[in-house]
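entry17.txt follows; it contains compact mmCIF, C-alpha atoms.
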```
# COMPACT_ATOMS: atom_id res chain seq x y z
CA ASP A 22 -11.13 -52.76 -36.15
CA ALA A 23 -10.75 -49.34 -34.55
CA PHE A 24 -10.43 -48.01 -31.01
CA VAL A 25 -11.40 -44.56 -29.75
CA LEU A 26 -9.89 -43.54 -26.43
CA ALA A 27 -12.51 -41.25 -24.88
CA ALA A 28 -12.23 -42.08 -21.18
CA GLY A 29 -12.37 -38.52 -19.87
CA ALA A 30 -10.25 -37.91 -16.80
CA TRP A 31 -8.92 -41.47 -17.03
CA SER A 32 -7.63 -41.20 -20.60
CA ALA A 33 -3.95 -40.62 -19.70
CA PRO A 34 -3.31 -44.03 -18.09
CA LEU A 35 -4.94 -45.77 -21.05
CA GLY A 36 -2.89 -43.66 -23.46
CA GLU A 37 0.25 -44.69 -21.56
CA ALA A 38 -0.70 -48.35 -22.05
CA LEU A 39 -0.73 -47.68 -25.80
CA GLY A 40 2.61 -45.87 -25.65
CA CYS A 41 0.94 -42.52 -26.24
CA PRO A 42 1.32 -40.10 -23.33
CA LEU A 43 -1.60 -37.69 -23.13
CA PRO A 44 -1.47 -34.45 -21.09
CA VAL A 45 -4.90 -35.12 -19.58
CA ARG A 46 -5.41 -35.00 -15.83
CA ALA A 47 -8.38 -35.34 -13.47
CA LYS A 48 -9.02 -31.94 -11.88
CA LYS A 49 -11.56 -31.79 -9.07
CA ARG A 50 -14.28 -29.18 -9.32
CA ASP A 51 -16.86 -28.45 -6.61
CA VAL A 52 -20.30 -27.47 -7.88
CA PHE A 53 -22.79 -25.66 -5.66
CA VAL A 54 -26.56 -25.75 -6.12
CA LEU A 55 -28.07 -22.44 -5.03
CA GLU A 56 -31.55 -21.11 -4.31
CA THR A 57 -32.22 -17.42 -4.69
CA PRO A 58 -35.34 -15.27 -4.49
CA ALA A 59 -33.94 -13.24 -7.40
CA ALA A 60 -35.37 -14.00 -10.81
CA LEU A 61 -32.73 -14.19 -13.55
CA PRO A 62 -34.75 -14.83 -16.73
CA GLY A 63 -32.58 -15.45 -19.76
CA CYS A 64 -29.37 -15.41 -17.73
CA PRO A 65 -26.54 -17.03 -19.73
CA LEU A 66 -23.55 -18.92 -18.39
CA VAL A 67 -21.46 -16.24 -16.66
CA ILE A 68 -17.74 -16.76 -16.12
CA ASP A 69 -16.02 -14.24 -13.87
CA PRO A 70 -12.37 -13.35 -14.63
CA SER A 71 -11.50 -15.01 -11.29
CA GLY A 72 -12.58 -18.36 -12.79
CA PHE A 73 -15.84 -18.56 -10.85
CA TRP A 74 -18.94 -19.28 -12.91
CA PHE A 75 -22.70 -19.60 -12.55
CA ARG A 76 -25.67 -20.51 -14.69
CA THR A 77 -29.35 -21.10 -14.22
CA GLU A 78 -30.72 -24.62 -13.85
CA GLY A 79 -34.49 -24.25 -13.84
CA ALA A 80 -35.37 -22.18 -10.75
CA LEU A 81 -31.94 -22.87 -9.23
CA LEU A 82 -28.40 -21.72 -9.93
CA LEU A 83 -25.33 -23.88 -10.39
CA ALA A 84 -22.03 -22.25 -9.50
CA GLY A 85 -18.42 -23.25 -9.08
CA GLY A 86 -14.83 -22.35 -9.68
CA PRO A 87 -11.29 -23.60 -9.54
CA PRO A 88 -10.16 -25.18 -6.29
CA ARG A 89 -8.24 -22.96 -3.94
CA GLY A 90 -4.77 -23.76 -2.75
CA ASP A 91 -3.28 -27.00 -4.02
CA ASP A 92 -4.55 -27.73 -7.53
CA ALA A 93 -3.11 -31.23 -7.57
CA ASP A 94 -4.36 -33.88 -9.93
CA ASP A 95 -6.89 -36.45 -8.77
CA LEU A 96 -8.03 -34.76 -5.54
CA PRO A 97 -10.66 -36.93 -3.79
CA LEU A 98 -14.27 -36.15 -4.61
CA ASP A 99 -15.65 -36.91 -1.15
CA ALA A 100 -14.58 -33.65 0.50
CA ILE A 101 -16.50 -30.64 -0.81
CA ASP A 102 -14.73 -27.36 -0.05
CA HIS A 103 -17.68 -25.45 1.44
CA GLY A 104 -15.25 -22.70 2.43
CA LEU A 105 -14.67 -22.06 -1.27
CA PHE A 106 -18.35 -21.12 -1.51
CA GLU A 107 -18.53 -19.14 1.74
CA ASP A 108 -15.23 -17.28 1.49
CA LEU A 109 -14.81 -16.68 -2.23
CA LEU A 110 -17.66 -17.69 -4.51
CA TRP A 111 -20.60 -16.07 -2.67
CA PRO A 112 -18.89 -12.68 -2.27
CA THR A 113 -17.84 -12.77 -5.93
CA LEU A 114 -21.39 -13.61 -7.07
CA ALA A 115 -22.91 -10.89 -4.86
CA ALA A 116 -20.47 -8.30 -6.21
CA ARG A 117 -21.21 -9.27 -9.83
CA VAL A 118 -25.00 -9.62 -9.38
CA PRO A 119 -26.15 -7.79 -6.21
CA ALA A 120 -29.48 -9.67 -6.23
CA LEU A 121 -27.52 -12.86 -5.49
CA GLU A 122 -26.51 -11.59 -2.07
CA ALA A 123 -29.63 -13.32 -0.66
CA LEU A 124 -28.93 -16.76 -2.13
CA ARG A 125 -28.81 -19.96 -0.08
CA LEU A 126 -26.73 -23.08 -0.56
CA ARG A 127 -29.02 -26.02 -1.24
CA SER A 128 -26.46 -28.76 -1.95
CA ALA A 129 -23.07 -29.42 -3.48
CA TRP A 130 -21.23 -32.15 -5.33
CA ALA A 131 -17.82 -32.69 -6.88
CA GLY A 132 -16.63 -34.18 -10.14
CA TYR A 133 -13.59 -34.27 -12.36
CA TYR A 134 -12.80 -32.13 -15.36
CA GLU A 135 -10.58 -33.89 -17.85
CA MET A 136 -8.03 -31.11 -18.09
CA ASN A 137 -5.59 -30.94 -20.96
CA SER A 138 -2.66 -29.54 -19.01
CA PHE A 139 -0.96 -28.37 -22.21
CA ASP A 140 -3.51 -25.78 -23.39
CA HIS A 141 -6.95 -26.70 -21.94
CA ASN A 142 -8.26 -27.65 -25.38
CA GLY A 143 -9.54 -31.02 -26.50
CA LEU A 144 -7.37 -33.63 -28.12
CA ALA A 145 -9.03 -35.31 -31.07
CA GLY A 146 -7.60 -37.45 -33.83
CA ARG A 147 -5.39 -40.43 -34.58
CA LEU A 148 -2.95 -41.52 -31.88
CA PRO A 149 0.70 -41.32 -33.01
CA GLY A 150 2.03 -44.65 -34.27
CA TRP A 151 -1.39 -46.23 -34.66
CA ALA A 152 -3.46 -46.68 -37.82
CA ASN A 153 -6.60 -47.70 -35.96
CA ALA A 154 -6.45 -45.93 -32.58
CA PHE A 155 -7.89 -42.50 -32.00
CA THR A 156 -8.59 -40.18 -29.08
CA ALA A 157 -11.16 -37.59 -28.13
CA CYS A 158 -10.37 -36.35 -24.62
CA GLY A 159 -9.06 -33.46 -22.54
CA PHE A 160 -11.86 -31.01 -23.25
CA SER A 161 -11.53 -29.29 -19.86
CA GLY A 162 -15.24 -28.84 -19.27
CA HIS A 163 -16.08 -27.91 -22.87
CA GLY A 164 -16.97 -31.41 -24.07
CA MET A 165 -20.72 -30.95 -24.23
CA GLN A 166 -20.29 -27.76 -26.27
CA GLN A 167 -17.97 -29.43 -28.76
CA ALA A 168 -19.33 -32.99 -28.74
CA PRO A 169 -21.45 -32.83 -31.92
CA ALA A 170 -18.58 -31.61 -34.12
CA VAL A 171 -15.97 -33.85 -32.48
CA GLY A 172 -18.25 -36.90 -32.66
CA HIS A 173 -18.97 -36.28 -36.34
CA SER A 174 -15.29 -35.83 -37.16
CA MET A 175 -14.20 -38.87 -35.13
CA ALA A 176 -16.82 -41.05 -36.83
CA ARG A 177 -15.48 -39.99 -40.21
CA LEU A 178 -11.89 -40.74 -39.17
CA VAL A 179 -12.79 -44.18 -37.84
CA ALA A 180 -14.65 -44.92 -41.08
CA GLY A 181 -11.50 -44.05 -43.05
CA LEU A 182 -12.87 -40.77 -44.41
CA ASP A 183 -11.41 -37.29 -44.25
CA ALA A 184 -12.55 -35.36 -41.24
CA PRO A 185 -13.34 -31.67 -41.45
CA LEU A 186 -11.10 -29.39 -39.45
CA ILE A 187 -12.83 -28.48 -36.21
```
In structure tokens, write the structure found in this file.
Amino acid sequence: DAFVLAAGAWSAPLGEALGCPLPVRAKKRDVFVLETPAALPGCPLVIDPSGFWFRTEGALLLAGGPPRGDDADDLPLDAIDHGLFEDLLWPTLAARVPALEALRLRSAWAGYYEMNSFDHNGLAGRLPGWANAFTACGFSGHGMQQAPAVGHSMARLVAGLDAPLI
């Protein structure tokens, strides 16, 4: 009896099919898996003002940042920009944490963020013009942080109950 549009980077075309344009676009992000002899116990997620970020993943580091140059929607995932790591990310990491100067690139992969091009915040709630269609998309990389509250609120909306403001 109800439909929740939560298709991540592919939510906009489905919203269009329902007559509800959504400002959600697939934005490619390259993620680099790094080895370093430096121990970083208790290191939190660090986001540099340049947009580059890193966090620990067991004994490894994950790091990434916004693509350089053309930030077009739906860039292909099969071409990792290793120059992004070599030219920009590594020097930025080494400047922020000098112990990371000795890191090594172990591997890399790419994926899509579901970017809300309006304000980079998630869209959650009833779709305009529909009594039984809802959306939860466009979280721009913050979905896992906000998923418990959004899921709880969406479940209440679908069940016909009031949802708390989130």
Test item: residues at most 7 Å from region 150-155 of chain A, all atoms listed in the file, excluding those fewer than 2 positions along its chain, as a PyMOL selection string:
chain A and resi 22-26+146-148
Which is closer to Ala47 (chain A) than all the others in A:Thr156, A:Ser71, A:Asn142, A:Asn137, using only C-alpha atoms?
A:Asn137
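Checking A:Leu61, A:Leu39, A:Met136, A:Ala116 one by one against His163 (chain A), counting all atoms listed in the file, you find the shortest gap at A:Met136.
Among the candidate residues A:Arg127, A:Pro70, A:Ala145, A:Ile101, the one lying nearest to Leu178 (chain A) is A:Ala145, with distances computed using all atoms listed in the file.
Reported to one decimal place, the separation of CA of Ala59 (chain A) from CA of Ala123 (chain A) is 8.0 Å.
Counting only C-alpha atoms, the residue from A:Ala115, A:Ala157, A:Leu124, A:Val54 that sits nearest to Ala176 (chain A) is A:Ala157.
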Extract, using all atoms listed in the file, all DNA, RNA and protein residues at most 8 Å from Pro88 (chain A), discarding same-chain residues fewer than 5 positions from it, and format them as an mmCIF file with C-alpha atoms, in the frame of the given file.
```cif
data_model
loop_
_atom_site.group_PDB
_atom_site.id
_atom_site.type_symbol
_atom_site.label_atom_id
_atom_site.label_comp_id
_atom_site.auth_asym_id
_atom_site.auth_seq_id
_atom_site.Cartn_x
_atom_site.Cartn_y
_atom_site.Cartn_z
ATOM 1 C CA LYS A 49 -11.560 -31.790 -9.070
ATOM 2 C CA ARG A 50 -14.280 -29.180 -9.320
ATOM 3 C CA ASP A 51 -16.860 -28.450 -6.610
ATOM 4 C CA LEU A 105 -14.670 -22.060 -1.270
#
```
Give as a compact mmCIF listing (two decimals) with C-alpha atoms, in the coordinates of the input each residue that has an atom at most 12 Å from (-18.2, -14.4, -4.7) in the file, counting all atoms listed in the file.
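Written file, out-v4.txt:
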```
# COMPACT_ATOMS: atom_id res chain seq x y z
CA ILE A 68 -17.74 -16.76 -16.12
CA ASP A 69 -16.02 -14.24 -13.87
CA PRO A 70 -12.37 -13.35 -14.63
CA SER A 71 -11.50 -15.01 -11.29
CA GLY A 72 -12.58 -18.36 -12.79
CA PHE A 73 -15.84 -18.56 -10.85
CA TRP A 74 -18.94 -19.28 -12.91
CA PHE A 75 -22.70 -19.60 -12.55
CA ALA A 84 -22.03 -22.25 -9.50
CA GLY A 85 -18.42 -23.25 -9.08
CA GLY A 86 -14.83 -22.35 -9.68
CA GLY A 104 -15.25 -22.70 2.43
CA LEU A 105 -14.67 -22.06 -1.27
CA PHE A 106 -18.35 -21.12 -1.51
CA GLU A 107 -18.53 -19.14 1.74
CA ASP A 108 -15.23 -17.28 1.49
CA LEU A 109 -14.81 -16.68 -2.23
CA LEU A 110 -17.66 -17.69 -4.51
CA TRP A 111 -20.60 -16.07 -2.67
CA PRO A 112 -18.89 -12.68 -2.27
CA THR A 113 -17.84 -12.77 -5.93
CA LEU A 114 -21.39 -13.61 -7.07
CA ALA A 115 -22.91 -10.89 -4.86
CA ALA A 116 -20.47 -8.30 -6.21
CA ARG A 117 -21.21 -9.27 -9.83
CA VAL A 118 -25.00 -9.62 -9.38
CA PRO A 119 -26.15 -7.79 -6.21
CA LEU A 121 -27.52 -12.86 -5.49
CA GLU A 122 -26.51 -11.59 -2.07
CA LEU A 124 -28.93 -16.76 -2.13
```
Quick one: distance from CA of Thr77 (chain A) to CA of Pro169 (chain A) in Å, one decimal?
22.7 Å
Around all of region 70-88 of chain A's listed atoms, make the axis-aligned box with 6 Å on each side and tell me centre and edge lengths in Å to one decimal, as JSON.
```
{"center_x": -22.8, "center_y": -19.3, "center_z": -10.5, "size_x": 37.2, "size_y": 23.8, "size_z": 20.4}
```
Using only C-alpha atoms, determine which residues lie at most 10 Å from region 182-186 of chain A, disregarding the query and same-chain residues fewer than 2 positions distant; provide the list as a PDB file with C-alpha atoms, in the coordinates of the input.
```pdb
ATOM      1  CA  GLY A 146      -7.600 -37.450 -33.830  1.00  0.00           C
ATOM      2  CA  ALA A 170     -18.580 -31.610 -34.120  1.00  0.00           C
ATOM      3  CA  VAL A 171     -15.970 -33.850 -32.480  1.00  0.00           C
ATOM      4  CA  HIS A 173     -18.970 -36.280 -36.340  1.00  0.00           C
ATOM      5  CA  SER A 174     -15.290 -35.830 -37.160  1.00  0.00           C
ATOM      6  CA  MET A 175     -14.200 -38.870 -35.130  1.00  0.00           C
ATOM      7  CA  ALA A 176     -16.820 -41.050 -36.830  1.00  0.00           C
ATOM      8  CA  ARG A 177     -15.480 -39.990 -40.210  1.00  0.00           C
ATOM      9  CA  LEU A 178     -11.890 -40.740 -39.170  1.00  0.00           C
ATOM     10  CA  VAL A 179     -12.790 -44.180 -37.840  1.00  0.00           C
ATOM     11  CA  ALA A 180     -14.650 -44.920 -41.080  1.00  0.00           C
TER      12      ALA A 180
END
```
Please compute the CA of Ser161 (chain A)-CA of Gly63 (chain A) distance, one decimal, in Å.
25.2 Å
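Minimum atom-to-atom distances from A:Ala129, A:Ala168, A:Leu144, A:Leu66 to Pro44 (chain A) were compared using all atoms listed in the file, and the lowest value belongs to A:Leu144.
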Using only C-alpha atoms, can you tell me which of A:Ala120, A:Val67, A:Ala30, A:Ala100 comes closest to Lys48 (chain A)?
A:Ala30
